[in-house]
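Undergrad: Just dropping this structure here.
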Amino acid sequence: MRYKTILITGFSSMVVLMFVLLAILSSIHANLSENITEIVDDRYMKVKLASEIENQVNRMSGLLTNIVLEESQANIQKEKESFKKAAYGVKAAMDSLAQSVNLQESMKILETTGYLFESYEEKSALALASAEEGQKAEAKQLIVLETRVIRDQLLRSVEDLKQVQEMLLQEAYTRTNDQYQYIQTISTIFIVSGLVFGVLVAVWTIRNMGYRLKRITSVISQVAFRTQENLPRIQMDTKDEIGDIARAFNEMAESLENHAHQEKEYKQAMRDHSWLKTQVLDVTSSCQGIQDINQLAQTLVNKITPLVNAQYAVLYVRDGQADSQRLFKAGTYGYDAEEMQVKTIEFGEGLVGQSALENKAIELSHVPDHYIQVGSGLGHAKPAELTIMPISHEGHVLGVLELATFLSYSPLQKEFLQEILRDIGTVMNSIYIHMQVSNLLKESQTLTEELQSQSEELQLQQEELRSINEKLEDQYKNAETKAKELEKAKGELERNAVQIEQASRYKSEFLANMSHELRTPLNSLLILAQILAENKDKNLTPRQVEFATTILKSGNNLLNLINDILDLSKIESGKMEIVISKVAIRDMVSYAKQHFQPIALQKGLDFKVTMSDGVPEEIETDEQRLQQILTNLLSNACKFTKQGSVQVDISMKQTDLEAASIVFAVKDTGIGISPEKQEIIFDAFQQADGTTSRKFGGTGLGLSISREMANLLGGYIHVDSEEGVGSTFTLYLPLEHVAESVVDQTFAYLEVAATASGSPEIVAVTEEDEGLKGKKALVVDDDMRNIFALTAALEERKMQVIFAENGREGIQALEEHADVDIVLMDIMMPEMDGYEAIEKIRSNPDWQQLPIIALTAKAMKYDREKCMEAGASDYISKPVNMEQLMSLMRVWLYG
């Protein structure tokens, strides 16, 4: 058969296979297109309509709340029109679903949804009517107590409808995916079949062509078995059949030449192998019968060195026992005793010791000058190469051979060294074993003599041991009884430890939850009290302003008490975090003057800070904890001093028995403390005057917290006081912190905002607040009390405020109000918390630069970092200090 006919037949068969595959794929594609149409036009549209109902209901809820809170009639009408449009959108979507839904389950859910929406419209209409009549409170109550309950039921019903449609959508998707997999399988089968068929055709064609040409060249190739070394070549470069014959002949000539060369190399290898085996046998034979390691070493170097044309050799062997880690010089060749002073080498010492340690050969091809000199009567010269080879047996190094030569070693010589050293290792190991046996025999004889002399002593001691054994048995019984008692006590201690750990965990969780529960009502209380105290509208009497101021101060006092209790709890549990850094003493001086000089001036007290010579510029300690201790001490000094002075002296203390310390002494001329009270004042909730009629307030936690913090910083606090004269509280701290900081990453302790602990003054709206006028803020919080308080405070500064009760509603509010300038986002909310809401907002490119300030009452450790990672612009903890909040808002609105 001609090659042309073979190729045409093969390619025609492949084309037929492709047409069959195309027909099958067209049929399957039609079915796949029908399934996709069902997914997109039917299932997906039903899910989209259900989502539309859910979005419009949420929008109606937000609009209803805005209408109730809105005061402008123009805005109310605008919001009402939006409310009607949203209701119309819900009805239109439900009508579309009613026409397309055919499953009994979906129809039943849709009927329930329609009934709930009618109820929601009725309650919403009542709320709108109450709001239009001016009954805002009744409208808010109706929204909170009735409308939202129906809304939540309605949303759950819509969610059930979505789930049914999504399940049907998933089933259609699964069918489509199965068809897609079937298409892939059919396509793969046909493609593989076509490839296999094509390969078979190609292989068959190539084999036939090669076979016919090979019959031509095989005749010439038979002469390749001749052993000639130089054969002529045919100089022809054509690519026809003659060229193939020429190339076959040239390959034959080259094959003959290679064969002759290989035969020559083989003969030389046989001669080398014969020499190698002969020399190895000769060396090993000369070692037979030698039982002394030194004699063996000298015999080896005398035999091996000339055979490899070396001029210098030293053989080091293990010292004493086969497991020793020291080598000693046992055999030499061409050795210069004056230059080579080393007699013993430790494993790892020098190149010889390193070779023994690693059981690895070391070769130096460029020996430095004066490294080693090989000498004779005619002179000295340095060798060209230095070789260090370990001698081992079963991986255990027994010796090291060091050789130096003027010439390079041939491959045969290197092979000889490797093979002879393996055999030498076996010989040396047998000698070491023989030496050990001899030593053991001598020791055995010595021990036998000693045993005979000791036998009599043992017989005498045996009687003594019997009596001692009886006593030991009694002691063992007593010890066994005590062990059981200790085991029982150990079990009780383990159970107590588990209970203590559980109680500590419950306490931590309780404190974290209490922070949220206490700070949430305090937030609205402090904000509204501050607004009343400002009396911006001038509609309160001085007496009422005084009441509001008292409420504000009491709320801040309560906040400080919460913070002190939480700090004390952290210290008692041993989980107060200490962060050590370089602290400048000048900063502490500035801190004391800045915070307490105004207080002293207000009370008519002299206030000064002095620093002695020799005080270092900085120390290693926790700056925040040091400031807290000084704040407590100075606050007490100012509080308990009616007249006179308050002074801070900073100095150094150095004794022979103690390390150098820096001293902060806080002196006052106040009421003083009696001697019997000077110890209890450091106990929690204790005061020098702890009666119900005491003149000075406070919780009695400041000194307790300060003393424990000083201990954590490696120092202590000492008090000297005389009743009626004054007191001196002295803080001693080391210059360098050496105590380990107690850090528990799992302990969720509470952070207090930097400015929230201070008591804000009867603060009026400043000119800076004019910059907030007209700005639009979105408040997202699930607590209506906080929404009301923040809304009132922001509206006092002429800001526009809208609000949402969870993260999902907040995002929807942003979509409806594109002119929002800033967002105040609560963190702990149902359905969608603040973290998720911030991440959703930042995922929208249009809101990348929108300022978002995170607010939370449960200010946990690392919450600030979590808020920033989610995308918040800034962070503030509740209760919110309004001046701090306004300052942050101005920064992010204009900074």
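Residues are referred to by chain and number: the chain letter is A, B, ... according to the order shown in the structure tokens, the number counts from 1 in that chain, and ligands are numbered separately from 1 in the order shown.
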Could you list, as a ChimeraX atom specification, every residue within 10 Å of Lys343 in chain A, counting only C-alpha atoms and ignoring same-chain residues fewer than 5 positions away?
TA: /A:316,327-330
Undergrad: May I have the residues from that selection written out with C-alpha atoms, as an mmCIF file, in the first residue's frame?
TA:
data_model
loop_
_atom_site.group_PDB
_atom_site.id
_atom_site.type_symbol
_atom_site.label_atom_id
_atom_site.label_comp_id
_atom_site.auth_asym_id
_atom_site.auth_seq_id
_atom_site.Cartn_x
_atom_site.Cartn_y
_atom_site.Cartn_z
ATOM 1 C CA TYR A 316 46.637 8.896 64.090
ATOM 2 C CA LEU A 327 43.749 10.661 68.637
ATOM 3 C CA PHE A 328 47.471 10.100 69.169
ATOM 4 C CA LYS A 329 50.307 9.903 66.655
ATOM 5 C CA ALA A 330 51.161 6.222 66.122
#
Undergrad: Apply DSSP to the structure's backbone, then extract all residues of range 537-670 of chain A labelled strand (DSSP E or B) and return them as a ChimeraX atom specification.
TA: /A:581-584,606-611,618-621,645-653,661-668
Undergrad: Which of these, A:Met828, A:Gln298, A:Gln654, A:Val397, has the shortest distance to Arg326 in chain A once you count only C-alpha atoms?
TA: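 Ranking A:Met828, A:Gln298, A:Gln654, A:Val397 by distance to Arg326 in chain A, first place goes to A:Val397.
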Undergrad: To one decimal in Å, tell me the separation between CA of Ile189 in chain A and CA of Gln170 in chain A.
TA: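 Separation between CA of Ile189 in chain A and CA of Gln170 in chain A: 28.6 Å.
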Undergrad: Ranking A:Leu790, A:Tyr894, A:Thr113, A:Val880 by minimum distance to Asp821 in chain A and counting only C-alpha atoms, which one comes first?
TA: A:Tyr894
Undergrad: Have a look at A:Val367, A:Val20, A:Val579, A:Leu731 and name the one nearest to Asp649 in chain A; count only C-alpha atoms.
TA: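 Distance minimum relative to Asp649 in chain A lands on A:Leu731.
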Undergrad: List the neighbours of Val164 in chain A out to 9 Å using only C-alpha atoms; skip same-chain residues closer than 3 positions along the sequence, and give me the result as a list in words.
TA: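 Near neighbours after the sequence-gap exclusion: Val47, Glu105, Ser106, Glu159, Asp160, Leu161, Met167, Leu168 and Leu169 of chain A.
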Undergrad: Please list as a ChimeraX atom specification every residue within 9 Å of Leu276 in chain A, counting only C-alpha atoms and excluding residues in the same chain fewer than 5 positions away.
TA: /A:271,281,412-413,415-416,419
Undergrad: Using only C-alpha atoms, which residues sit within 12 Å of Leu364 in chain A once same-chain residues fewer than 3 positions away are excluded, as JSON, numbers by chain?
TA: {"A": [351, 361, 367, 368, 371, 383, 384, 385, 386, 387, 388, 389, 402, 403, 404, 405, 408]}
Undergrad: Could those residues be written to a file, using N, CA and C atoms, as an mmCIF file, in the first residue's frame?
TA:
data_model
loop_
_atom_site.group_PDB
_atom_site.id
_atom_site.type_symbol
_atom_site.label_atom_id
_atom_site.label_comp_id
_atom_site.auth_asym_id
_atom_site.auth_seq_id
_atom_site.Cartn_x
_atom_site.Cartn_y
_atom_site.Cartn_z
ATOM 1 N N LEU A 351 42.127 20.163 61.230
ATOM 2 C CA LEU A 351 41.557 19.416 60.114
ATOM 3 C C LEU A 351 41.512 17.926 60.405
ATOM 4 N N ALA A 361 36.544 12.625 54.374
ATOM 5 C CA ALA A 361 37.873 12.979 53.882
ATOM 6 C C ALA A 361 37.949 14.470 53.598
ATOM 7 N N VAL A 367 48.303 24.092 49.146
ATOM 8 C CA VAL A 367 48.813 24.139 50.513
ATOM 9 C C VAL A 367 49.519 25.468 50.730
ATOM 10 N N PRO A 368 49.193 26.227 51.772
ATOM 11 C CA PRO A 368 49.849 27.528 52.019
ATOM 12 C C PRO A 368 51.330 27.344 52.343
ATOM 13 N N TYR A 371 53.020 25.888 55.756
ATOM 14 C CA TYR A 371 52.005 25.044 56.406
ATOM 15 C C TYR A 371 52.625 23.726 56.847
ATOM 16 N N PRO A 383 54.462 20.567 49.927
ATOM 17 C CA PRO A 383 53.788 19.630 49.014
ATOM 18 C C PRO A 383 52.726 20.342 48.181
ATOM 19 N N ALA A 384 52.342 19.662 47.092
ATOM 20 C CA ALA A 384 51.295 20.230 46.228
ATOM 21 C C ALA A 384 49.906 19.933 46.761
ATOM 22 N N GLU A 385 49.729 18.758 47.364
ATOM 23 C CA GLU A 385 48.414 18.374 47.866
ATOM 24 C C GLU A 385 48.546 17.754 49.246
ATOM 25 N N LEU A 386 47.488 17.977 50.064
ATOM 26 C CA LEU A 386 47.416 17.384 51.396
ATOM 27 C C LEU A 386 46.072 16.669 51.511
ATOM 28 N N THR A 387 46.114 15.371 51.875
ATOM 29 C CA THR A 387 44.896 14.558 51.959
ATOM 30 C C THR A 387 44.769 13.986 53.371
ATOM 31 N N ILE A 388 43.581 14.170 53.964
ATOM 32 C CA ILE A 388 43.297 13.641 55.305
ATOM 33 C C ILE A 388 42.099 12.719 55.182
ATOM 34 N N MET A 389 42.297 11.416 55.512
ATOM 35 C CA MET A 389 41.254 10.420 55.299
ATOM 36 C C MET A 389 40.998 9.652 56.589
ATOM 37 N N GLU A 402 46.987 10.988 57.339
ATOM 38 C CA GLU A 402 47.299 12.276 56.723
ATOM 39 C C GLU A 402 48.472 12.069 55.770
ATOM 40 N N LEU A 403 48.286 12.438 54.477
ATOM 41 C CA LEU A 403 49.293 12.244 53.438
ATOM 42 C C LEU A 403 49.585 13.565 52.751
ATOM 43 N N ALA A 404 50.865 13.742 52.345
ATOM 44 C CA ALA A 404 51.263 14.923 51.573
ATOM 45 C C ALA A 404 52.116 14.460 50.411
ATOM 46 N N THR A 405 51.910 15.094 49.229
ATOM 47 C CA THR A 405 52.624 14.687 48.020
ATOM 48 C C THR A 405 52.970 15.906 47.196
ATOM 49 N N SER A 408 49.943 15.291 42.097
ATOM 50 C CA SER A 408 48.540 14.946 42.335
ATOM 51 C C SER A 408 48.360 13.438 42.278
#
Undergrad: Which residues are near Ile580 in chain A? Cut-off 7 Å, only C-alpha atoms, ignore same chain within fewer than 3 positions. Put them as a ChimeraX atom specification.
TA: /A:620-622
Undergrad: Could you save those same residues with N, CA and C atoms as a PDB file, in the first residue's frame?
TA:
ATOM      1  N   GLU A 620      13.496  52.384  82.428  1.00  0.00           N
ATOM      2  CA  GLU A 620      12.721  51.343  81.763  1.00  0.00           C
ATOM      3  C   GLU A 620      11.560  50.936  82.667  1.00  0.00           C
ATOM      4  N   THR A 621      10.330  51.264  82.257  1.00  0.00           N
ATOM      5  CA  THR A 621       9.144  50.899  83.036  1.00  0.00           C
ATOM      6  C   THR A 621       7.920  51.024  82.145  1.00  0.00           C
ATOM      7  N   ASP A 622       6.720  50.820  82.702  1.00  0.00           N
ATOM      8  CA  ASP A 622       5.466  50.972  81.975  1.00  0.00           C
ATOM      9  C   ASP A 622       4.976  52.405  82.190  1.00  0.00           C
TER      10      ASP A 622
END
